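Coordinates from work15.txt are shown below (compact mmCIF, C-alpha atoms).
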# COMPACT_ATOMS: atom_id res chain seq x y z
CA MET Z 1 47.84 199.69 152.04
CA ALA Z 2 50.46 198.11 154.26
CA ILE Z 3 51.57 194.51 153.90
CA LEU Z 4 53.20 192.57 156.73
CA VAL Z 5 55.31 189.63 155.60
CA ILE Z 6 56.52 186.93 157.99
CA GLY Z 7 58.55 183.91 156.85
CA LEU Z 8 57.13 180.65 158.16
CA GLY Z 9 59.10 177.99 156.29
CA VAL Z 10 61.14 175.54 158.36
CA GLY Z 11 64.01 173.39 157.15
CA LYS Z 12 66.11 173.45 154.01
CA ALA Z 13 63.66 171.45 151.87
CA ALA Z 14 60.49 172.89 153.39
CA VAL Z 15 57.95 174.88 151.44
CA VAL Z 16 57.99 178.46 152.71
CA GLU Z 17 54.71 180.01 153.82
CA GLU Z 18 54.33 183.74 154.37
CA ALA Z 19 51.77 185.49 156.56
CA ILE Z 20 50.71 188.66 154.77
CA GLU Z 21 48.30 191.36 155.88
CA HIS Z 22 46.43 193.37 153.26
CA ALA Z 23 43.26 195.49 153.22
CA GLY Z 24 42.53 194.62 156.84
CA ALA Z 25 42.68 190.84 156.32
CA LYS Z 26 45.33 188.18 156.92
CA PHE Z 27 46.45 185.81 154.18
CA ARG Z 28 48.57 182.69 153.77
CA VAL Z 29 50.89 182.94 150.78
CA VAL Z 30 53.26 180.45 149.13
CA ARG Z 31 55.49 181.27 146.14
CA LEU Z 32 56.91 178.37 144.15
CA ASP Z 33 59.02 177.54 141.13
CA PRO Z 34 56.70 176.01 138.47
CA ALA Z 35 59.01 172.99 138.24
CA LYS Z 36 57.89 171.95 141.73
CA VAL Z 37 54.13 172.13 141.15
CA GLU Z 38 51.82 169.37 139.91
CA LEU Z 39 48.07 168.84 139.67
CA ALA Z 40 46.33 165.70 140.91
CA TRP Z 41 42.72 164.63 140.46
CA ARG Z 42 42.25 160.86 140.11
CA GLY Z 43 44.19 157.80 141.15
CA ASP Z 44 45.13 154.73 139.10
CA ASP Z 45 41.62 153.37 139.74
CA GLY Z 46 40.11 156.35 137.91
CA LYS Z 47 38.41 157.66 141.04
CA PRO Z 48 39.00 161.17 142.46
CA TYR Z 49 41.43 161.33 145.36
CA GLU Z 50 38.85 163.58 147.09
CA THR Z 51 40.94 164.59 150.12
CA PHE Z 52 44.45 165.70 151.04
CA ASP Z 53 45.25 162.54 153.01
CA ARG Z 54 44.41 160.30 150.04
CA VAL Z 55 46.77 162.28 147.82
CA GLN Z 56 49.47 161.92 150.48
CA LYS Z 57 48.87 158.17 150.66
CA ALA Z 58 49.11 157.80 146.87
CA TYR Z 59 52.42 159.65 146.69
CA ALA Z 60 53.75 157.85 149.77
CA SER Z 61 53.17 154.54 147.96
CA GLU Z 62 55.75 155.80 145.43
CA GLY Z 63 58.18 156.76 148.17
CA LYS Z 64 57.38 160.48 147.90
CA LYS Z 65 56.48 163.01 150.58
CA VAL Z 66 53.99 165.79 149.90
CA GLY Z 67 55.08 169.24 151.08
CA PHE Z 68 52.13 171.32 149.87
CA LEU Z 69 48.47 170.82 149.01
CA MET Z 70 45.72 173.23 147.95
CA ASN Z 71 42.39 172.77 146.18
CA ALA Z 72 42.56 173.77 142.50
CA GLY Z 73 39.39 175.22 141.09
CA ILE Z 74 35.62 174.93 140.99
CA PHE Z 75 34.04 171.54 140.31
CA GLU Z 76 30.74 169.81 139.56
CA PRO Z 77 28.86 167.06 141.44
CA GLY Z 78 30.89 163.87 141.38
CA LEU Z 79 34.10 165.86 141.99
CA ILE Z 80 34.51 166.69 138.28
CA PRO Z 81 36.45 169.85 137.30
CA SER Z 82 34.05 172.44 135.82
CA GLY Z 83 36.30 173.13 132.85
CA LEU Z 84 39.63 172.34 131.24
CA TYR Z 85 41.85 169.94 133.14
CA VAL Z 86 45.21 168.65 131.92
CA GLU Z 87 47.44 166.34 133.97
CA LYS Z 88 50.89 165.15 132.89
CA GLY Z 89 50.22 166.29 129.34
CA LYS Z 90 46.87 164.49 129.02
CA GLU Z 91 43.59 166.40 128.63
CA LEU Z 92 41.08 164.81 130.99
CA ARG Z 93 38.39 167.51 130.77
CA PRO Z 94 37.70 169.92 127.86
CA LEU Z 95 37.71 173.71 127.88
CA ASN Z 96 34.33 175.08 129.03
CA LEU Z 97 33.28 178.32 127.29
CA LYS Z 98 29.58 178.05 128.15
CA ASP Z 99 27.59 180.71 129.96
CA GLY Z 100 26.05 180.02 133.34
CA LYS Z 101 25.58 181.19 136.92
CA GLY Z 102 28.17 181.32 139.67
CA ASN Z 103 31.79 182.38 139.98
CA PHE Z 104 33.14 179.97 137.38
CA PHE Z 105 31.00 181.61 134.68
CA LEU Z 106 31.73 185.21 135.68
CA LYS Z 107 33.40 186.12 132.38
CA PRO Z 108 36.16 186.51 131.66
CA ASN Z 109 37.21 183.37 133.47
CA GLY Z 110 40.60 181.79 132.98
CA VAL Z 111 43.06 178.93 132.83
CA PHE Z 112 46.12 178.30 134.98
CA MET Z 113 48.67 176.27 133.06
CA ILE Z 114 52.25 175.04 133.13
CA ASP Z 115 53.57 174.32 129.65
CA LYS Z 116 55.91 171.49 128.74
CA GLY Z 117 58.80 173.94 128.83
CA GLY Z 118 58.08 174.63 132.51
CA LYS Z 119 56.60 178.13 132.16
CA ALA Z 120 53.51 178.94 134.23
CA ARG Z 121 50.84 181.39 133.12
CA VAL Z 122 47.28 182.50 133.84
CA VAL Z 123 45.30 183.44 130.72
CA GLU Z 124 41.73 184.14 129.69
CA SER Z 125 39.86 180.94 128.80
CA LYS Z 126 39.28 181.96 125.18
CA SER Z 127 42.85 183.17 124.66
CA ARG Z 128 44.86 181.68 121.81
CA LEU Z 129 47.48 180.86 124.47
CA VAL Z 130 45.26 178.05 125.78
CA GLN Z 131 46.88 175.32 123.72
CA THR Z 132 46.17 172.08 125.53
CA GLN Z 133 48.63 170.11 123.43
CA SER Z 134 51.47 172.22 124.87
CA ALA Z 135 50.29 172.03 128.49
CA GLU Z 136 51.79 169.70 131.04
CA PHE Z 137 49.27 170.79 133.68
CA ALA Z 138 46.21 173.04 133.35
CA VAL Z 139 43.03 173.83 135.24
CA GLN Z 140 40.21 176.23 134.40
CA SER Z 141 38.35 178.31 136.98
CA GLY Z 142 36.78 181.70 137.34
CA PRO Z 143 36.60 184.54 137.54
CA LEU Z 144 39.97 185.93 136.55
CA LEU Z 145 41.17 188.19 139.37
CA LEU Z 146 43.70 190.10 137.29
CA MET Z 147 44.28 190.47 133.56
CA ASP Z 148 47.50 192.24 132.58
CA GLY Z 149 47.54 194.11 135.87
CA LYS Z 150 43.87 195.13 135.82
CA ARG Z 151 41.10 193.84 138.07
CA HIS Z 152 38.14 191.96 136.61
CA PRO Z 153 35.60 194.54 135.33
CA ALA Z 154 32.82 193.13 137.53
CA PHE Z 155 34.69 193.78 140.80
CA ARG Z 156 33.66 196.76 142.91
CA ASN Z 157 35.62 198.48 145.66
CA GLY Z 158 33.54 198.38 148.84
CA SER Z 159 31.47 195.37 147.82
CA PRO Z 160 29.72 193.71 150.80
CA ASN Z 161 30.53 190.17 149.58
CA LEU Z 162 33.15 189.17 152.13
CA LYS Z 163 34.16 185.51 151.73
CA HIS Z 164 36.93 183.02 152.44
CA ARG Z 165 38.82 182.72 149.13
CA ASN Z 166 41.87 181.18 147.48
CA GLY Z 167 43.58 181.91 144.19
CA VAL Z 168 46.73 181.59 142.11
CA GLY Z 169 48.84 184.12 140.21
CA ILE Z 170 52.15 184.46 138.39
CA ASP Z 171 54.63 187.07 139.63
CA GLY Z 172 57.28 189.03 137.75
CA LYS Z 173 59.87 186.32 138.44
CA GLY Z 174 57.70 183.65 136.85
CA ARG Z 175 56.88 182.07 140.19
CA ILE Z 176 53.49 180.59 140.99
CA VAL Z 177 51.88 182.55 143.83
CA PHE Z 178 49.24 180.75 145.89
CA ALA Z 179 47.16 182.81 148.31
CA MET Z 180 44.29 182.07 150.67
CA THR Z 181 42.56 184.00 153.41
CA ASP Z 182 43.61 182.83 156.88
CA LYS Z 183 41.23 181.34 159.45
CA ARG Z 184 38.23 183.52 160.23
CA GLN Z 185 39.35 186.04 157.60
CA ASP Z 186 37.15 187.14 154.70
CA VAL Z 187 37.78 189.40 151.72
CA VAL Z 188 35.96 190.88 148.73
CA PHE Z 189 37.11 190.15 145.18
CA TRP Z 190 38.40 193.72 144.73
CA ASP Z 191 40.81 193.42 147.65
CA PHE Z 192 41.76 189.82 146.87
CA ALA Z 193 42.83 190.94 143.40
CA GLY Z 194 44.69 193.83 145.05
CA LEU Z 195 46.66 191.34 147.15
CA PHE Z 196 48.00 189.69 144.00
CA LEU Z 197 48.95 193.11 142.61
CA LYS Z 198 50.93 193.81 145.78
CA LEU Z 199 52.64 190.42 145.39
CA GLY Z 200 53.90 191.43 141.94
CA CYS Z 201 51.36 189.55 139.83
CA LYS Z 202 49.77 190.92 136.66
CA ASP Z 203 47.62 187.83 136.07
CA ALA Z 204 45.73 185.86 138.72
CA LEU Z 205 42.82 183.43 138.90
CA PHE Z 206 40.19 182.78 141.56
CA LEU Z 207 40.05 179.12 142.59
CA ASP Z 208 37.25 178.63 145.12
CA GLY Z 209 35.56 179.95 148.22
CA ASP Z 210 34.32 178.69 151.58
CA ILE Z 211 35.59 175.11 151.32
CA SER Z 212 39.15 176.08 150.33
CA GLN Z 213 42.07 174.66 152.28
CA MET Z 214 45.87 174.64 152.18
CA ALA Z 215 48.40 172.33 153.86
CA VAL Z 216 52.05 173.37 154.09
CA ASN Z 217 54.74 170.90 155.22
CA PRO Z 218 52.20 168.50 156.77
CA GLU Z 219 53.74 166.16 159.34
CA GLY Z 220 51.28 163.37 158.70
CA PRO Z 221 47.98 162.47 156.98
CA THR Z 222 45.91 165.65 156.63
CA LYS Z 223 42.14 165.51 156.63
CA SER Z 224 40.39 167.99 154.37
CA ASN Z 225 37.16 168.88 152.63
CA ARG Z 226 36.33 166.95 149.45
CA PHE Z 227 37.80 168.41 146.26
CA ALA Z 228 38.29 167.58 142.59
CA ALA Z 229 41.70 168.80 141.35
CA MET Z 230 44.43 169.68 143.86
CA PHE Z 231 47.79 171.41 143.58
CA VAL Z 232 50.62 169.25 144.90
CA VAL Z 233 54.28 169.80 145.66
CA VAL Z 234 56.44 166.76 146.30
CA GLU Z 235 59.60 167.22 148.36
Kindly transcribe the structure held in the file into structure tokens.
Amino acid sequence: MAILVIGLGVGKAAVVEEAIEHAGAKFRVVRLDPAKVELAWRGDDGKPYETFDRVQKAYASEGKKVGFLMNAGIFEPGLIPSGLYVEKGKELRPLNLKDGKGNFFLKPNGVFMIDKGGKARVVESKSRLVQTQSAEFAVQSGPLLLMDGKRHPAFRNGSPNLKHRNGVGIDGKGRIVFAMTDKRQDVVFWDFAGLFLKLGCKDALFLDGDISQMAVNPEGPTKSNRFAAMFVVVE
């Protein structure tokens, strides 16, 4: 399976986006040092930011410019993360190990986390490595795409379930790898997991589907769908 990589980053401080082709679909990919990545959900008023432009406005009020935004996981009505959510070392939502319907509950699901030492990882939700007291940032979603280099056992090659998807993985250099299908591009879980394998990831987590969006080096306020948690990079 061939992969075409094109560098799209502009400027010394810009986030670099890559256009990658895999399994007949086009993807947007960003690889980042964990030290640059944060999670944002609610403002000082306790209300969800909801959209990209509101996150940008909040950071701008602190004299900061946002260089990257992507939705971070499945959520419930009221824009509430469906499972564990940790922001700046504070647990705002507990780990969710319940059974249910939908992608979040397709076990094993998992947790993306950055620990207080700056190391990023993706682990199974019930793993002993999910220690919220040691997490600086964490968000739970599901299903896991990859576990130690193996696809989720429920995935099937040739599945008809083509969808717009986004996810996050950790590569062999410890970088956080964000990936999302490009406009008018759909992919099955089997091939989406395969993309992360090709990008050097052994562990990866599905984030969400049709509503997913990514903004790289936005020049101004960026309208978006409504989300709960969002990944943020501040230049």
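Of the residues under consideration (Z:Glu235, Z:Glu136, Z:Asp203, Z:Asp186), Z:Glu235 shows the shortest atom-to-atom contact distance to Val216 in chain Z when counting all atoms listed in the file.
Residues with any atom within 6 Å of range 58-65 of chain Z, counting all atoms listed in the file and excluding same-chain neighbours fewer than 2 positions away, are Z:Val55, Z:Gln56, Z:Val234, Z:Glu235.
Across Z:Leu205, Z:Val233, Z:Ala35, Z:Leu97, the tightest approach to Met147 in chain Z is made by Z:Leu205 when counting only C-alpha atoms.
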Exercise: range 171-178 of chain Z partners within 7 Å, all atoms listed in the file, chain neighbours under 3 positions left out, as a ChimeraX atom specification = /Z:29-34,120,167-168,199-202
Would you kindly return, as a list in words, each protein, DNA or RNA residue with an atom no farther than 8 Å from any atom of Val86 in chain Z, considering only C-alpha atoms and excluding same-chain residues fewer than 2 positions away?
-> Leu84, Lys88, Gly89, Lys90, Glu91, Leu92, Arg93, Thr132, Ala135, Glu136, Phe137, Ala138 and Val139 of chain Z
If you count all atoms listed in the file, the residue of Z:Lys116, Z:Arg128, Z:His22, Z:Lys107 closest to His152 in chain Z turns out to be Z:Lys107
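For the pair CA of Gly117 in chain Z and CA of Glu38 in chain Z, the separation is 13.9 Å.
Each of Z:Pro218, Z:Gly110, Z:Gly73, Z:Gly209 was checked against Leu145 in chain Z using only C-alpha atoms; the smallest atom-to-atom distance is that of Z:Gly110.
CA of Gly102 in chain Z to CA of Gln213 in chain Z spans 19.9 Å [interatomic distance, one decimal].
A straight line drawn from CA of Ile170 in chain Z to CA of Phe227 in chain Z is 22.9 Å long.
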With 8 Å as the threshold, what does the neighbourhood of (41.8, 193.5, 143.4) contain in terms of residues, counting only C-alpha atoms? Coordinates are those of the file; answer as a JSON list (two decimals) with C-alpha atoms, in the coordinates of the input.
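And here's result.json as it stands now:
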[["chain", "number", "residue", "atom", "x", "y", "z"],
["Z", 145, "LEU", "CA", 41.17, 188.19, 139.37],
["Z", 146, "LEU", "CA", 43.70, 190.10, 137.29],
["Z", 151, "ARG", "CA", 41.10, 193.84, 138.07],
["Z", 152, "HIS", "CA", 38.14, 191.96, 136.61],
["Z", 155, "PHE", "CA", 34.69, 193.78, 140.80],
["Z", 189, "PHE", "CA", 37.11, 190.15, 145.18],
["Z", 190, "TRP", "CA", 38.40, 193.72, 144.73],
["Z", 191, "ASP", "CA", 40.81, 193.42, 147.65],
["Z", 192, "PHE", "CA", 41.76, 189.82, 146.87],
["Z", 193, "ALA", "CA", 42.83, 190.94, 143.40],
["Z", 194, "GLY", "CA", 44.69, 193.83, 145.05],
["Z", 195, "LEU", "CA", 46.66, 191.34, 147.15],
["Z", 196, "PHE", "CA", 48.00, 189.69, 144.00],
["Z", 197, "LEU", "CA", 48.95, 193.11, 142.61]]
